[in-house]
Amino acid sequence: MRKQVCCLCRRQAPLAAVFAGSPQLMGVIKLCTGWMVTNLPVYNDEDLQKRNENIFQIYSKRSAEDIYKILTSYKATYLVIEDSICNEVGPVRGCRIKDLLDIANGHVYCEESDSYGYSKYGRFCQEIKMNYSPYVNYFTRVYWNRSYFVYKINTVISFQS
């Protein structure tokens with residue numbers, strides 16, 4: 001499946017394309033295609049750690065506009081969402097990437113052995129797949145298979161306040 005994503009990068013993306021996604025997948029895309037990526041799986045650099053944390057927000061409960069602003073701040077032109085991270089089912093709740101993001105973003109808090117939380121937004125990586133507004137204003141799906149969803153990041157003129 002990764003090979004299909006890398007082939008897509010080579011066939012359809014312009015030379016100036018910049019890809020965003022999980023650090024592990026971005027490492028594969030960088031090594032196999034040579035394309036520019038927003039982040040890499042390097043954790044001994046504080047700036048790259050922060051960049052990875054910001055890009056991982058694609059798996060959090062954030063608005064389309066928030067994610068768009070994060071990705072474009074890193075000059076990303078394509079977004080790759082991994083279904084295995086978005087729909088991760090782990091034996092221990094609280095240890096999945098999406099659980100850690102919910103805690104870090106204040107969308108979950110714990111009292112004794114119970115977890116509570118609220119966000120006015122759904123999980124971005126799930127909501128974007130529905131192709132509803134406002135997601136289609138910011139992102140256009142260009143490829144998908146069982147494992148990956150690839151979106152072109154649209155150019156948006158301005159934001160409403």
# chains A, B, ... in the order shown; residues from 1 in each chain; ligands from 1
call {"tool": "select_by_dssp", "arguments": {"residues": "region 15-158 of chain A", "states": "helix (DSSP H, G or I)", "output": "count of residues only"}}
result
58
call {"tool": "residues_around", "arguments": {"residues": "region 121-135 of chain A", "least_positions_apart": "4", "cutoff": "12 Å", "atoms": "only C-alpha atoms", "output": "count of residues only"}}
result
48
call {"tool": "atom_distance", "arguments": {"atom1": "CA of Val28 (chain A)", "atom2": "CA of Ile70 (chain A)"}}
result
21.8 Å
call {"tool": "closest_residue", "arguments": {"among": "A:Asn137, A:Asn52, A:Ser119, A:Asn105", "to": "Gln24 (chain A)", "atoms": "only C-alpha atoms"}}
result
A:Asn52
call {"tool": "select_by_dssp", "arguments": {"residues": "chain A", "states": "strand (DSSP E)", "output": "PyMOL selection string"}}
result
chain A and resi 18-20+36-37+78-82+108-111+114-117+139-144+148-153
call {"tool": "residues_around", "arguments": {"residues": "Cys6 (chain A)", "least_positions_apart": "2", "cutoff": "10 Å", "atoms": "only C-alpha atoms", "output": "list in words"}}
result
Met1, Arg2, Lys3, Gln4, Leu8, Cys9, Arg10, Arg11, Leu25, Val28, Ile29, Lys30, Leu31, Cys32, Thr33, Gly34 and Trp35 of chain A
call {"tool": "write_last_selection", "arguments": {"atoms": "C-alpha atoms", "output": "mmCIF file, in the first residue's frame"}}
result
data_model
loop_
_atom_site.group_PDB
_atom_site.id
_atom_site.type_symbol
_atom_site.label_atom_id
_atom_site.label_comp_id
_atom_site.auth_asym_id
_atom_site.auth_seq_id
_atom_site.Cartn_x
_atom_site.Cartn_y
_atom_site.Cartn_z
ATOM 1 C CA MET A 1 0.000 0.000 0.000
ATOM 2 C CA ARG A 2 2.874 2.404 0.751
ATOM 3 C CA LYS A 3 4.268 1.650 -2.682
ATOM 4 C CA GLN A 4 0.993 2.856 -4.245
ATOM 5 C CA LEU A 8 1.068 8.433 -6.788
ATOM 6 C CA CYS A 9 3.574 11.005 -5.525
ATOM 7 C CA ARG A 10 5.798 10.460 -8.521
ATOM 8 C CA ARG A 11 2.973 10.421 -11.102
ATOM 9 C CA LEU A 25 5.368 7.585 6.373
ATOM 10 C CA VAL A 28 9.373 6.471 3.455
ATOM 11 C CA ILE A 29 8.125 9.076 0.977
ATOM 12 C CA LYS A 30 11.337 11.098 1.329
ATOM 13 C CA LEU A 31 13.571 8.041 0.856
ATOM 14 C CA CYS A 32 11.603 6.446 -1.987
ATOM 15 C CA THR A 33 10.631 9.512 -4.011
ATOM 16 C CA GLY A 34 12.934 12.326 -2.941
ATOM 17 C CA TRP A 35 9.937 14.665 -2.518
#
call {"tool": "decode", "arguments": {"residues": "region 139-154 of chain A", "atoms": "all heavy atoms", "output": "mmCIF file, in the first residue's frame"}}
result
data_model
loop_
_atom_site.group_PDB
_atom_site.id
_atom_site.type_symbol
_atom_site.label_atom_id
_atom_site.label_comp_id
_atom_site.auth_asym_id
_atom_site.auth_seq_id
_atom_site.Cartn_x
_atom_site.Cartn_y
_atom_site.Cartn_z
ATOM 1 N N PHE A 139 -9.462 20.976 1.399
ATOM 2 C CA PHE A 139 -8.766 19.764 0.974
ATOM 3 C C PHE A 139 -9.535 19.053 -0.137
ATOM 4 O O PHE A 139 -10.753 18.940 -0.067
ATOM 5 C CB PHE A 139 -8.619 18.795 2.162
ATOM 6 C CG PHE A 139 -7.984 19.417 3.364
ATOM 7 C CD1 PHE A 139 -8.776 19.950 4.386
ATOM 8 C CD2 PHE A 139 -6.610 19.503 3.481
ATOM 9 C CE1 PHE A 139 -8.200 20.533 5.501
ATOM 10 C CE2 PHE A 139 -6.027 20.095 4.600
ATOM 11 C CZ PHE A 139 -6.824 20.612 5.611
ATOM 12 N N THR A 140 -8.809 18.535 -1.136
ATOM 13 C CA THR A 140 -9.414 17.774 -2.224
ATOM 14 C C THR A 140 -8.783 16.388 -2.252
ATOM 15 O O THR A 140 -7.555 16.275 -2.388
ATOM 16 C CB THR A 140 -9.172 18.468 -3.587
ATOM 17 O OG1 THR A 140 -9.724 19.785 -3.523
ATOM 18 C CG2 THR A 140 -9.803 17.679 -4.723
ATOM 19 N N ARG A 141 -9.608 15.353 -2.126
ATOM 20 C CA ARG A 141 -9.081 13.979 -2.156
ATOM 21 C C ARG A 141 -8.592 13.659 -3.559
ATOM 22 O O ARG A 141 -9.307 13.832 -4.522
ATOM 23 C CB ARG A 141 -10.162 12.985 -1.741
ATOM 24 C CG ARG A 141 -9.604 11.576 -1.597
ATOM 25 C CD ARG A 141 -10.639 10.528 -1.291
ATOM 26 N NE ARG A 141 -11.468 10.909 -0.159
ATOM 27 C CZ ARG A 141 -12.679 10.409 0.057
ATOM 28 N NH1 ARG A 141 -13.203 9.539 -0.762
ATOM 29 N NH2 ARG A 141 -13.373 10.789 1.113
ATOM 30 N N VAL A 142 -7.348 13.190 -3.653
ATOM 31 C CA VAL A 142 -6.773 12.838 -4.948
ATOM 32 C C VAL A 142 -6.493 11.346 -5.064
ATOM 33 O O VAL A 142 -6.277 10.842 -6.164
ATOM 34 C CB VAL A 142 -5.492 13.652 -5.251
ATOM 35 C CG1 VAL A 142 -5.822 15.129 -5.404
ATOM 36 C CG2 VAL A 142 -4.417 13.440 -4.192
ATOM 37 N N TYR A 143 -6.500 10.636 -3.937
ATOM 38 C CA TYR A 143 -6.215 9.199 -3.961
ATOM 39 C C TYR A 143 -6.652 8.589 -2.643
ATOM 40 O O TYR A 143 -6.575 9.231 -1.597
ATOM 41 C CB TYR A 143 -4.713 8.959 -4.163
ATOM 42 C CG TYR A 143 -4.319 7.506 -4.097
ATOM 43 C CD1 TYR A 143 -4.489 6.668 -5.187
ATOM 44 C CD2 TYR A 143 -3.787 6.971 -2.918
ATOM 45 C CE1 TYR A 143 -4.144 5.335 -5.116
ATOM 46 C CE2 TYR A 143 -3.440 5.633 -2.851
ATOM 47 C CZ TYR A 143 -3.622 4.813 -3.949
ATOM 48 O OH TYR A 143 -3.287 3.502 -3.877
ATOM 49 N N TRP A 144 -7.103 7.343 -2.694
ATOM 50 C CA TRP A 144 -7.355 6.596 -1.471
ATOM 51 C C TRP A 144 -7.339 5.108 -1.772
ATOM 52 O O TRP A 144 -7.580 4.677 -2.902
ATOM 53 C CB TRP A 144 -8.671 6.998 -0.804
ATOM 54 C CG TRP A 144 -9.915 6.532 -1.502
ATOM 55 C CD1 TRP A 144 -10.633 5.407 -1.248
ATOM 56 C CD2 TRP A 144 -10.579 7.184 -2.572
ATOM 57 N NE1 TRP A 144 -11.708 5.317 -2.102
ATOM 58 C CE2 TRP A 144 -11.699 6.402 -2.921
ATOM 59 C CE3 TRP A 144 -10.352 8.357 -3.273
ATOM 60 C CZ2 TRP A 144 -12.572 6.747 -3.946
ATOM 61 C CZ3 TRP A 144 -11.221 8.698 -4.288
ATOM 62 C CH2 TRP A 144 -12.307 7.903 -4.600
ATOM 63 N N ASN A 145 -6.994 4.339 -0.766
ATOM 64 C CA ASN A 145 -7.108 2.889 -0.797
ATOM 65 C C ASN A 145 -7.469 2.444 0.615
ATOM 66 O O ASN A 145 -7.868 3.276 1.432
ATOM 67 C CB ASN A 145 -5.821 2.230 -1.334
ATOM 68 C CG ASN A 145 -4.597 2.501 -0.473
ATOM 69 O OD1 ASN A 145 -4.695 2.767 0.719
ATOM 70 N ND2 ASN A 145 -3.426 2.426 -1.081
ATOM 71 N N ARG A 146 -7.338 1.177 0.927
ATOM 72 C CA ARG A 146 -7.708 0.676 2.254
ATOM 73 C C ARG A 146 -6.919 1.330 3.374
ATOM 74 O O ARG A 146 -7.394 1.440 4.495
ATOM 75 C CB ARG A 146 -7.455 -0.834 2.339
ATOM 76 C CG ARG A 146 -8.587 -1.686 1.957
ATOM 77 C CD ARG A 146 -8.360 -3.153 2.288
ATOM 78 N NE ARG A 146 -7.049 -3.529 2.752
ATOM 79 C CZ ARG A 146 -6.283 -4.438 2.171
ATOM 80 N NH1 ARG A 146 -6.698 -5.063 1.106
ATOM 81 N NH2 ARG A 146 -5.102 -4.735 2.664
ATOM 82 N N SER A 147 -5.718 1.753 3.089
ATOM 83 C CA SER A 147 -4.813 2.198 4.146
ATOM 84 C C SER A 147 -4.529 3.700 4.179
ATOM 85 O O SER A 147 -4.215 4.232 5.243
ATOM 86 C CB SER A 147 -3.472 1.468 4.010
ATOM 87 O OG SER A 147 -3.671 0.071 4.064
ATOM 88 N N TYR A 148 -4.608 4.369 3.036
ATOM 89 C CA TYR A 148 -4.183 5.762 2.957
ATOM 90 C C TYR A 148 -5.200 6.622 2.218
ATOM 91 O O TYR A 148 -5.830 6.179 1.258
ATOM 92 C CB TYR A 148 -2.840 5.882 2.223
ATOM 93 C CG TYR A 148 -1.747 5.095 2.876
ATOM 94 C CD1 TYR A 148 -1.369 3.846 2.394
ATOM 95 C CD2 TYR A 148 -1.088 5.585 3.995
ATOM 96 C CE1 TYR A 148 -0.367 3.110 3.002
ATOM 97 C CE2 TYR A 148 -0.088 4.862 4.614
ATOM 98 C CZ TYR A 148 0.267 3.621 4.117
ATOM 99 O OH TYR A 148 1.242 2.903 4.725
ATOM 100 N N PHE A 149 -5.308 7.861 2.663
ATOM 101 C CA PHE A 149 -6.120 8.878 1.990
ATOM 102 C C PHE A 149 -5.190 10.054 1.716
ATOM 103 O O PHE A 149 -4.575 10.583 2.638
ATOM 104 C CB PHE A 149 -7.285 9.325 2.882
ATOM 105 C CG PHE A 149 -8.328 8.264 3.072
ATOM 106 C CD1 PHE A 149 -8.130 7.217 3.951
ATOM 107 C CD2 PHE A 149 -9.511 8.316 2.355
ATOM 108 C CE1 PHE A 149 -9.085 6.231 4.127
ATOM 109 C CE2 PHE A 149 -10.475 7.335 2.525
ATOM 110 C CZ PHE A 149 -10.263 6.285 3.408
ATOM 111 N N VAL A 150 -5.091 10.456 0.453
ATOM 112 C CA VAL A 150 -4.200 11.547 0.068
ATOM 113 C C VAL A 150 -5.062 12.721 -0.396
ATOM 114 O O VAL A 150 -5.968 12.554 -1.212
ATOM 115 C CB VAL A 150 -3.238 11.124 -1.057
ATOM 116 C CG1 VAL A 150 -2.308 12.276 -1.432
ATOM 117 C CG2 VAL A 150 -2.433 9.886 -0.647
ATOM 118 N N TYR A 151 -4.776 13.896 0.157
ATOM 119 C CA TYR A 151 -5.519 15.111 -0.154
ATOM 120 C C TYR A 151 -4.576 16.186 -0.651
ATOM 121 O O TYR A 151 -3.484 16.360 -0.106
ATOM 122 C CB TYR A 151 -6.238 15.647 1.087
ATOM 123 C CG TYR A 151 -7.280 14.702 1.608
ATOM 124 C CD1 TYR A 151 -6.950 13.707 2.512
ATOM 125 C CD2 TYR A 151 -8.601 14.795 1.179
ATOM 126 C CE1 TYR A 151 -7.899 12.814 2.982
ATOM 127 C CE2 TYR A 151 -9.558 13.915 1.647
ATOM 128 C CZ TYR A 151 -9.203 12.921 2.543
ATOM 129 O OH TYR A 151 -10.142 12.043 2.997
ATOM 130 N N LYS A 152 -5.016 16.909 -1.674
ATOM 131 C CA LYS A 152 -4.307 18.113 -2.095
ATOM 132 C C LYS A 152 -4.827 19.231 -1.206
ATOM 133 O O LYS A 152 -6.021 19.332 -0.943
ATOM 134 C CB LYS A 152 -4.601 18.430 -3.556
ATOM 135 C CG LYS A 152 -3.840 19.644 -4.049
ATOM 136 C CD LYS A 152 -3.998 19.827 -5.532
ATOM 137 C CE LYS A 152 -3.161 20.938 -6.085
ATOM 138 N NZ LYS A 152 -2.751 21.989 -5.217
ATOM 139 N N ILE A 153 -3.935 20.047 -0.708
ATOM 140 C CA ILE A 153 -4.315 21.170 0.140
ATOM 141 C C ILE A 153 -4.621 22.352 -0.781
ATOM 142 O O ILE A 153 -3.758 22.804 -1.533
ATOM 143 C CB ILE A 153 -3.208 21.501 1.154
ATOM 144 C CG1 ILE A 153 -2.946 20.276 2.036
ATOM 145 C CG2 ILE A 153 -3.575 22.715 1.992
ATOM 146 C CD1 ILE A 153 -1.737 20.385 2.931
ATOM 147 N N ASN A 154 -5.873 22.794 -0.732
ATOM 148 C CA ASN A 154 -6.334 23.860 -1.632
ATOM 149 C C ASN A 154 -5.772 25.215 -1.211
ATOM 150 O O ASN A 154 -5.433 25.422 -0.055
ATOM 151 C CB ASN A 154 -7.855 23.936 -1.623
ATOM 152 C CG ASN A 154 -8.494 22.631 -2.079
ATOM 153 O OD1 ASN A 154 -7.918 21.886 -2.858
ATOM 154 N ND2 ASN A 154 -9.678 22.349 -1.591
#
